[in-house]
>>> print(open('work-v3.pdb').read())   # PDB, C-alpha atoms
ATOM      1  CA  GLU O   1      -7.616   0.053   2.178  1.00  0.00           C
ATOM      2  CA  LEU O   2      -5.433   3.063   2.914  1.00  0.00           C
ATOM      3  CA  ARG O   3      -5.698   2.419   6.630  1.00  0.00           C
ATOM      4  CA  TYR O   4      -3.458  -0.630   6.235  1.00  0.00           C
ATOM      5  CA  LEU O   5      -0.629   1.357   4.650  1.00  0.00           C
ATOM      6  CA  SER O   6       2.173   3.042   6.511  1.00  0.00           C
ATOM      7  CA  SER O   7       1.875   6.770   7.136  1.00  0.00           C
ATOM      8  CA  GLY O   8       4.824   7.216   4.756  1.00  0.00           C
ATOM      9  CA  ALA O   9       2.993   5.415   1.944  1.00  0.00           C
ATOM     10  CA  ARG O  10      -0.149   7.454   2.582  1.00  0.00           C
ATOM     11  CA  ALA O  11       1.929  10.669   2.541  1.00  0.00           C
ATOM     12  CA  PHE O  12       3.589   9.613  -0.730  1.00  0.00           C
ATOM     13  CA  TRP O  13       0.182   9.037  -2.268  1.00  0.00           C
ATOM     14  CA  THR O  14      -1.003  12.429  -1.103  1.00  0.00           C
ATOM     15  CA  LEU O  15       2.065  14.195  -2.495  1.00  0.00           C
ATOM     16  CA  ALA O  16       2.206  12.168  -5.697  1.00  0.00           C
ATOM     17  CA  ASN O  17      -1.541  12.078  -6.301  1.00  0.00           C
ATOM     18  CA  PRO O  18      -1.884  13.141  -9.936  1.00  0.00           C
ATOM     19  CA  TYR O  19      -5.607  13.824  -9.535  1.00  0.00           C
ATOM     20  CA  THR O  20      -4.915  16.742  -7.202  1.00  0.00           C
ATOM     21  CA  ARG O  21      -1.763  17.962  -8.980  1.00  0.00           C
ATOM     22  CA  GLN O  22      -2.804  17.862 -12.629  1.00  0.00           C
ATOM     23  CA  GLY O  23      -5.889  20.036 -12.430  1.00  0.00           C
ATOM     24  CA  PRO O  24      -9.335  19.807 -14.012  1.00  0.00           C
ATOM     25  CA  GLY O  25      -9.843  17.242 -16.693  1.00  0.00           C
ATOM     26  CA  TYR O  26      -7.136  14.869 -15.497  1.00  0.00           C
ATOM     27  CA  ALA O  27      -9.630  12.354 -14.102  1.00  0.00           C
ATOM     28  CA  ASP O  28     -11.380  12.271 -17.492  1.00  0.00           C
ATOM     29  CA  PHE O  29      -8.008  11.732 -19.181  1.00  0.00           C
ATOM     30  CA  VAL O  30      -7.211   8.801 -16.879  1.00  0.00           C
ATOM     31  CA  THR O  31     -10.686   7.367 -17.449  1.00  0.00           C
ATOM     32  CA  SER O  32     -10.090   7.455 -21.222  1.00  0.00           C
ATOM     33  CA  ILE O  33      -6.758   5.649 -20.758  1.00  0.00           C
ATOM     34  CA  ALA O  34      -8.462   2.979 -18.651  1.00  0.00           C
ATOM     35  CA  ALA O  35     -11.110   2.481 -21.341  1.00  0.00           C
ATOM     36  CA  PHE O  36      -8.395   2.119 -23.986  1.00  0.00           C
ATOM     37  CA  ASN O  37      -6.422  -0.310 -21.799  1.00  0.00           C
ATOM     38  CA  THR O  38      -9.516  -2.458 -21.290  1.00  0.00           C
ATOM     39  CA  LYS O  39      -9.906  -2.874 -25.056  1.00  0.00           C
ATOM     40  CA  PHE O  40      -6.145  -3.299 -25.507  1.00  0.00           C
ATOM     41  CA  VAL O  41      -5.891  -6.100 -22.917  1.00  0.00           C
ATOM     42  CA  LYS O  42      -8.788  -7.945 -24.542  1.00  0.00           C
ATOM     43  CA  ALA O  43      -7.202  -7.557 -27.991  1.00  0.00           C
ATOM     44  CA  CYS O  44      -3.907  -8.887 -26.631  1.00  0.00           C
ATOM     45  CA  TYR O  45      -5.666 -11.864 -25.052  1.00  0.00           C
ATOM     46  CA  ASP O  46      -7.564 -12.554 -28.289  1.00  0.00           C
ATOM     47  CA  ALA O  47      -4.232 -12.454 -30.174  1.00  0.00           C
ATOM     48  CA  GLY O  48      -2.681 -15.007 -27.797  1.00  0.00           C
ATOM     49  CA  VAL O  49      -0.440 -12.597 -25.878  1.00  0.00           C
ATOM     50  CA  PRO O  50       0.067 -13.953 -22.339  1.00  0.00           C
ATOM     51  CA  ILE O  51      -1.500 -11.737 -19.673  1.00  0.00           C
ATOM     52  CA  LEU O  52      -0.226 -11.770 -16.083  1.00  0.00           C
ATOM     53  CA  PRO O  53      -1.608  -9.716 -13.193  1.00  0.00           C
ATOM     54  CA  GLY O  54       0.824  -7.590 -11.222  1.00  0.00           C
ATOM     55  CA  THR O  55      -0.467  -4.488  -9.474  1.00  0.00           C
ATOM     56  CA  ASP O  56       1.569  -4.435  -6.282  1.00  0.00           C
ATOM     57  CA  ALA O  57       3.859  -1.668  -7.539  1.00  0.00           C
ATOM     58  CA  ASN O  58       4.352   1.390  -5.349  1.00  0.00           C
ATOM     59  CA  VAL O  59       1.948   3.503  -7.374  1.00  0.00           C
ATOM     60  CA  PRO O  60      -0.528   5.999  -5.891  1.00  0.00           C
ATOM     61  CA  GLY O  61      -3.937   4.381  -5.651  1.00  0.00           C
ATOM     62  CA  LEU O  62      -2.773   0.763  -5.441  1.00  0.00           C
ATOM     63  CA  ALA O  63      -2.886  -0.972  -2.071  1.00  0.00           C
ATOM     64  CA  PRO O  64      -0.804  -4.172  -2.291  1.00  0.00           C
ATOM     65  CA  GLY O  65      -2.957  -7.268  -1.973  1.00  0.00           C
ATOM     66  CA  PHE O  66      -6.210  -5.398  -2.475  1.00  0.00           C
ATOM     67  CA  SER O  67      -5.069  -4.147  -5.866  1.00  0.00           C
ATOM     68  CA  LEU O  68      -4.574  -7.708  -7.099  1.00  0.00           C
ATOM     69  CA  HIS O  69      -8.274  -8.383  -6.555  1.00  0.00           C
ATOM     70  CA  ASP O  70      -9.050  -5.101  -8.354  1.00  0.00           C
ATOM     71  CA  GLU O  71      -6.912  -6.187 -11.297  1.00  0.00           C
ATOM     72  CA  LEU O  72      -8.495  -9.635 -11.496  1.00  0.00           C
ATOM     73  CA  GLU O  73     -11.882  -7.912 -11.637  1.00  0.00           C
ATOM     74  CA  SER O  74     -10.663  -5.512 -14.338  1.00  0.00           C
ATOM     75  CA  LEU O  75      -9.410  -8.428 -16.431  1.00  0.00           C
ATOM     76  CA  SER O  76     -12.789 -10.121 -16.076  1.00  0.00           C
ATOM     77  CA  LYS O  77     -14.599  -6.915 -17.064  1.00  0.00           C
ATOM     78  CA  ALA O  78     -12.318  -6.716 -20.114  1.00  0.00           C
ATOM     79  CA  GLY O  79     -13.711 -10.065 -21.208  1.00  0.00           C
ATOM     80  CA  LEU O  80     -11.005 -12.530 -20.189  1.00  0.00           C
ATOM     81  CA  PRO O  81     -12.379 -15.852 -18.899  1.00  0.00           C
ATOM     82  CA  ASN O  82     -12.165 -16.303 -15.137  1.00  0.00           C
ATOM     83  CA  ALA O  83     -10.334 -19.626 -15.498  1.00  0.00           C
ATOM     84  CA  TYR O  84      -7.636 -17.918 -17.582  1.00  0.00           C
ATOM     85  CA  ILE O  85      -7.345 -15.077 -15.056  1.00  0.00           C
ATOM     86  CA  LEU O  86      -6.914 -17.491 -12.139  1.00  0.00           C
ATOM     87  CA  GLU O  87      -4.324 -19.547 -14.034  1.00  0.00           C
ATOM     88  CA  SER O  88      -2.469 -16.340 -14.879  1.00  0.00           C
ATOM     89  CA  ALA O  89      -2.342 -15.319 -11.221  1.00  0.00           C
ATOM     90  CA  THR O  90      -1.070 -18.749 -10.132  1.00  0.00           C
ATOM     91  CA  ARG O  91       0.456 -21.293 -12.520  1.00  0.00           C
ATOM     92  CA  ARG O  92       1.407 -18.903 -15.325  1.00  0.00           C
ATOM     93  CA  ALA O  93       2.885 -16.357 -12.918  1.00  0.00           C
ATOM     94  CA  ALA O  94       5.035 -19.079 -11.309  1.00  0.00           C
ATOM     95  CA  GLU O  95       6.186 -20.250 -14.752  1.00  0.00           C
ATOM     96  CA  PHE O  96       7.067 -16.701 -15.810  1.00  0.00           C
ATOM     97  CA  LEU O  97       9.060 -16.162 -12.623  1.00  0.00           C
ATOM     98  CA  GLY O  98      10.840 -19.509 -13.017  1.00  0.00           C
ATOM     99  CA  VAL O  99       9.557 -20.912  -9.710  1.00  0.00           C
ATOM    100  CA  SER O 100       6.990 -23.427 -10.974  1.00  0.00           C
ATOM    101  CA  LYS O 101       8.948 -26.373  -9.548  1.00  0.00           C
ATOM    102  CA  ASP O 102       7.725 -25.545  -6.054  1.00  0.00           C
ATOM    103  CA  ARG O 103       4.687 -23.260  -6.488  1.00  0.00           C
ATOM    104  CA  GLY O 104       1.879 -22.183  -8.779  1.00  0.00           C
ATOM    105  CA  THR O 105      -0.157 -25.393  -8.672  1.00  0.00           C
ATOM    106  CA  ILE O 106      -1.506 -27.734  -6.007  1.00  0.00           C
ATOM    107  CA  GLU O 107       0.689 -30.818  -6.113  1.00  0.00           C
ATOM    108  CA  VAL O 108       2.485 -33.141  -3.702  1.00  0.00           C
ATOM    109  CA  GLY O 109       5.860 -31.674  -2.789  1.00  0.00           C
ATOM    110  CA  LYS O 110       4.975 -28.070  -3.597  1.00  0.00           C
ATOM    111  CA  ARG O 111       4.513 -25.196  -1.177  1.00  0.00           C
ATOM    112  CA  ALA O 112       1.094 -25.411   0.396  1.00  0.00           C
ATOM    113  CA  ASP O 113       0.110 -21.740   0.409  1.00  0.00           C
ATOM    114  CA  LEU O 114      -3.576 -21.555  -0.480  1.00  0.00           C
ATOM    115  CA  LEU O 115      -6.637 -19.357  -0.233  1.00  0.00           C
ATOM    116  CA  LEU O 116      -9.828 -21.157   0.721  1.00  0.00           C
ATOM    117  CA  LEU O 117     -12.784 -19.220  -0.646  1.00  0.00           C
ATOM    118  CA  GLU O 118     -16.448 -19.142   0.341  1.00  0.00           C
ATOM    119  CA  ALA O 119     -17.581 -19.139  -3.286  1.00  0.00           C
ATOM    120  CA  ASN O 120     -16.280 -20.230  -6.665  1.00  0.00           C
ATOM    121  CA  PRO O 121     -14.242 -17.558  -8.491  1.00  0.00           C
ATOM    122  CA  LEU O 122     -14.931 -19.346 -11.770  1.00  0.00           C
ATOM    123  CA  ASP O 123     -18.544 -18.198 -11.385  1.00  0.00           C
ATOM    124  CA  THR O 124     -17.689 -14.605 -10.431  1.00  0.00           C
ATOM    125  CA  ILE O 125     -14.110 -13.364 -10.113  1.00  0.00           C
ATOM    126  CA  THR O 126     -15.117 -11.082  -7.214  1.00  0.00           C
ATOM    127  CA  ASN O 127     -15.386 -14.270  -5.158  1.00  0.00           C
ATOM    128  CA  THR O 128     -11.588 -14.102  -4.745  1.00  0.00           C
ATOM    129  CA  ARG O 129     -12.319 -11.514  -2.049  1.00  0.00           C
ATOM    130  CA  ARG O 130     -14.502 -13.977  -0.105  1.00  0.00           C
ATOM    131  CA  ILE O 131     -11.629 -15.557   1.796  1.00  0.00           C
ATOM    132  CA  ARG O 132     -12.624 -18.182   4.360  1.00  0.00           C
ATOM    133  CA  ALA O 133      -9.074 -19.137   5.332  1.00  0.00           C
ATOM    134  CA  VAL O 134      -5.468 -18.954   4.242  1.00  0.00           C
ATOM    135  CA  ILE O 135      -3.003 -21.791   4.493  1.00  0.00           C
ATOM    136  CA  VAL O 136       0.548 -20.457   4.634  1.00  0.00           C
ATOM    137  CA  ASN O 137       3.638 -22.454   5.541  1.00  0.00           C
ATOM    138  CA  GLY O 138       1.347 -25.313   6.578  1.00  0.00           C
ATOM    139  CA  ARG O 139      -0.610 -23.180   9.062  1.00  0.00           C
ATOM    140  CA  VAL O 140      -4.333 -22.455   8.686  1.00  0.00           C
ATOM    141  CA  LEU O 141      -5.432 -18.874   9.360  1.00  0.00           C
ATOM    142  CA  THR O 142      -9.217 -18.544   9.583  1.00  0.00           C
ATOM    143  CA  SER O 143     -11.105 -15.498   8.336  1.00  0.00           C
ATOM    144  CA  ALA O 144     -11.568 -14.424  11.981  1.00  0.00           C
ATOM    145  CA  GLU O 145      -7.792 -14.600  12.551  1.00  0.00           C
ATOM    146  CA  LEU O 146      -7.165 -12.718   9.306  1.00  0.00           C
ATOM    147  CA  ASP O 147      -9.687 -10.023  10.244  1.00  0.00           C
ATOM    148  CA  ALA O 148      -8.037  -9.631  13.658  1.00  0.00           C
ATOM    149  CA  ARG O 149      -4.599  -9.334  12.051  1.00  0.00           C
ATOM    150  CA  MET O 150      -5.860  -6.737   9.597  1.00  0.00           C
ATOM    151  CA  GLU O 151      -7.451  -4.722  12.396  1.00  0.00           C
ATOM    152  CA  ALA O 152      -4.229  -4.879  14.418  1.00  0.00           C
ATOM    153  CA  LEU O 153      -2.308  -3.704  11.352  1.00  0.00           C
ATOM    154  CA  ALA O 154      -4.713  -0.801  10.864  1.00  0.00           C
ATOM    155  CA  MET O 155      -4.284   0.176  14.521  1.00  0.00           C
ATOM    156  CA  ARG O 156      -0.472   0.089  14.186  1.00  0.00           C
ATOM    157  CA  ARG O 157      -0.663   2.154  11.009  1.00  0.00           C
ATOM    158  CA  ALA O 158      -3.095   4.741  12.406  1.00  0.00           C
ATOM    159  CA  ASP O 159      -1.721   8.248  12.559  1.00  0.00           C
ATOM    160  CA  PRO O 160      -0.976   9.396  16.099  1.00  0.00           C
ATOM    161  CA  PRO O 161      -3.492  11.908  17.450  1.00  0.00           C
ATOM    162  CA  THR O 162      -2.538  15.522  16.825  1.00  0.00           C
ATOM    163  CA  GLN O 163      -2.248  17.833  19.808  1.00  0.00           C
TER
END
>>> encode(input="work-v3.pdb", output="structure tokens")
Amino acid sequence: ELRYLSSGARAFWTLANPYTRQGPGYADFVTSIAAFNTKFVKACYDAGVPILPGTDANVPGLAPGFSLHDELESLSKAGLPNAYILESATRRAAEFLGVSKDRGTIEVGKRADLLLLEANPLDTITNTRRIRAVIVNGRVLTSAELDARMEALAMRRADPPTQ
């Protein structure tokens, strides 16, 4: 996933990487926080606290776009139902942001940006990664077109050869 990021973002991650700067034991500390957060998110869900995904922050270790899939999977592993997770990433997110009049659900008159998947994410949330096509601004982009665009992006983002 790092190959799609700018060299500046990769450099920031290298400089800001807490795993290399904090010394021995830091990875175990972070692992314990993740375990706590998993239980905490489930407890919040069980208590009726709304949960929304949002991992596209400029934080070392999170590749925008990819990290959303990672978060959906983490929410599923925490015990949240897949239907709730998908609603949170679509309809509930649009409601929270105050843009539900034109996005967040599939309805006549709303923006027609959609992912078409090869398998049902209600069965397994990891199926959100199995993208067959994207419809954006009324244009269909097939998985082959998306793969080609991602490869072109990786080539543009590749570090120049050192001399």
>>> atom_distance(input="work-v3.pdb", atom1="atom CA of His69 of chain O", atom2="atom CA of Leu52 of chain O")
12.9 Å
>>> residues_around(input="work-v3.pdb", residues="Thr105 of chain O", least_positions_apart="3", cutoff="8 Å", atoms="all atoms listed in the file", output="PyMOL selection string")
chain O and resi 90-91+100+110
>>> resolve_selection(input="work-v3.pdb", expression="the PyMOL selection byres ((chain O and resi 138) around 10)", output="list in words")
Arg111, Ala112, Asp113, Leu114, Val134, Ile135, Val136, Asn137, Arg139, Val140 and Leu141 of chain O
>>> atom_distance(input="work-v3.pdb", atom1="atom CA of Ala27 of chain O", atom2="atom CA of Asp70 of chain O")
18.4 Å
>>> resolve_selection(input="work-v3.pdb", expression="the PyMOL selection byres ((chain O and resi 71) around 12)", output="ChimeraX atom specification")
/O:34,38,41,51-56,62-70,72-78,80,85-86,88-89,125-126,128-129
>>> resolve_selection(input="work-v3.pdb", expression="the PyMOL selection byres ((chain O and resi 117) around 7)", output="short mmCIF file (atom, residue, chain, number, x, y, z; two decimals) with C-alpha atoms, in the coordinates of the input")
data_model
loop_
_atom_site.label_atom_id
_atom_site.label_comp_id
_atom_site.auth_asym_id
_atom_site.auth_seq_id
_atom_site.Cartn_x
_atom_site.Cartn_y
_atom_site.Cartn_z
CA LEU O 115 -6.64 -19.36 -0.23
CA LEU O 116 -9.83 -21.16 0.72
CA GLU O 118 -16.45 -19.14 0.34
CA ALA O 119 -17.58 -19.14 -3.29
CA THR O 128 -11.59 -14.10 -4.74
CA ARG O 130 -14.50 -13.98 -0.10
CA ILE O 131 -11.63 -15.56 1.80
CA ARG O 132 -12.62 -18.18 4.36
#
>>> decode(input="work-v3.pdb", residues="segment 90-103 of chain O", atoms="N, CA, C and O atoms", output="compact mmCIF listing (two decimals), in the first residue's frame")
# COMPACT_ATOMS: atom_id res chain seq x y z
N THR O 90 -21.77 4.29 5.22
CA THR O 90 -22.52 4.89 4.11
C THR O 90 -23.59 5.84 4.66
O THR O 90 -23.34 7.02 4.86
N ARG O 91 -24.76 5.31 4.95
CA ARG O 91 -25.89 6.14 5.37
C ARG O 91 -25.60 6.93 6.64
O ARG O 91 -25.81 8.14 6.69
N ARG O 92 -25.10 6.27 7.67
CA ARG O 92 -24.87 6.97 8.94
C ARG O 92 -23.77 8.02 8.82
O ARG O 92 -23.86 9.07 9.45
N ALA O 93 -22.75 7.73 8.03
CA ALA O 93 -21.68 8.72 7.83
C ALA O 93 -22.24 9.95 7.12
O ALA O 93 -21.93 11.09 7.51
N ALA O 94 -23.08 9.75 6.10
CA ALA O 94 -23.68 10.88 5.39
C ALA O 94 -24.58 11.69 6.32
O ALA O 94 -24.57 12.93 6.28
N GLU O 95 -25.34 11.01 7.17
CA GLU O 95 -26.19 11.72 8.13
C GLU O 95 -25.34 12.55 9.09
O GLU O 95 -25.64 13.72 9.35
N PHE O 96 -24.28 11.96 9.62
CA PHE O 96 -23.41 12.66 10.56
C PHE O 96 -22.80 13.90 9.93
O PHE O 96 -22.68 14.94 10.57
N LEU O 97 -22.41 13.78 8.67
CA LEU O 97 -21.78 14.90 7.97
C LEU O 97 -22.79 15.91 7.42
O LEU O 97 -22.40 16.94 6.88
N GLY O 98 -24.08 15.60 7.55
CA GLY O 98 -25.12 16.52 7.09
C GLY O 98 -25.27 16.56 5.58
O GLY O 98 -25.73 17.57 5.03
N VAL O 99 -24.93 15.47 4.90
CA VAL O 99 -25.02 15.43 3.43
C VAL O 99 -25.94 14.31 2.94
O VAL O 99 -25.87 13.91 1.79
N SER O 100 -26.82 13.84 3.81
CA SER O 100 -27.65 12.69 3.45
C SER O 100 -28.73 13.02 2.41
O SER O 100 -29.34 12.11 1.87
N LYS O 101 -28.92 14.30 2.10
CA LYS O 101 -29.92 14.63 1.07
C LYS O 101 -29.47 14.18 -0.31
O LYS O 101 -30.31 13.91 -1.16
N ASP O 102 -28.14 14.10 -0.52
CA ASP O 102 -27.70 13.71 -1.86
C ASP O 102 -26.74 12.53 -1.88
O ASP O 102 -26.22 12.17 -2.93
N ARG O 103 -26.47 11.89 -0.73
CA ARG O 103 -25.58 10.73 -0.71
C ARG O 103 -25.83 9.87 0.51
O ARG O 103 -26.56 10.25 1.39
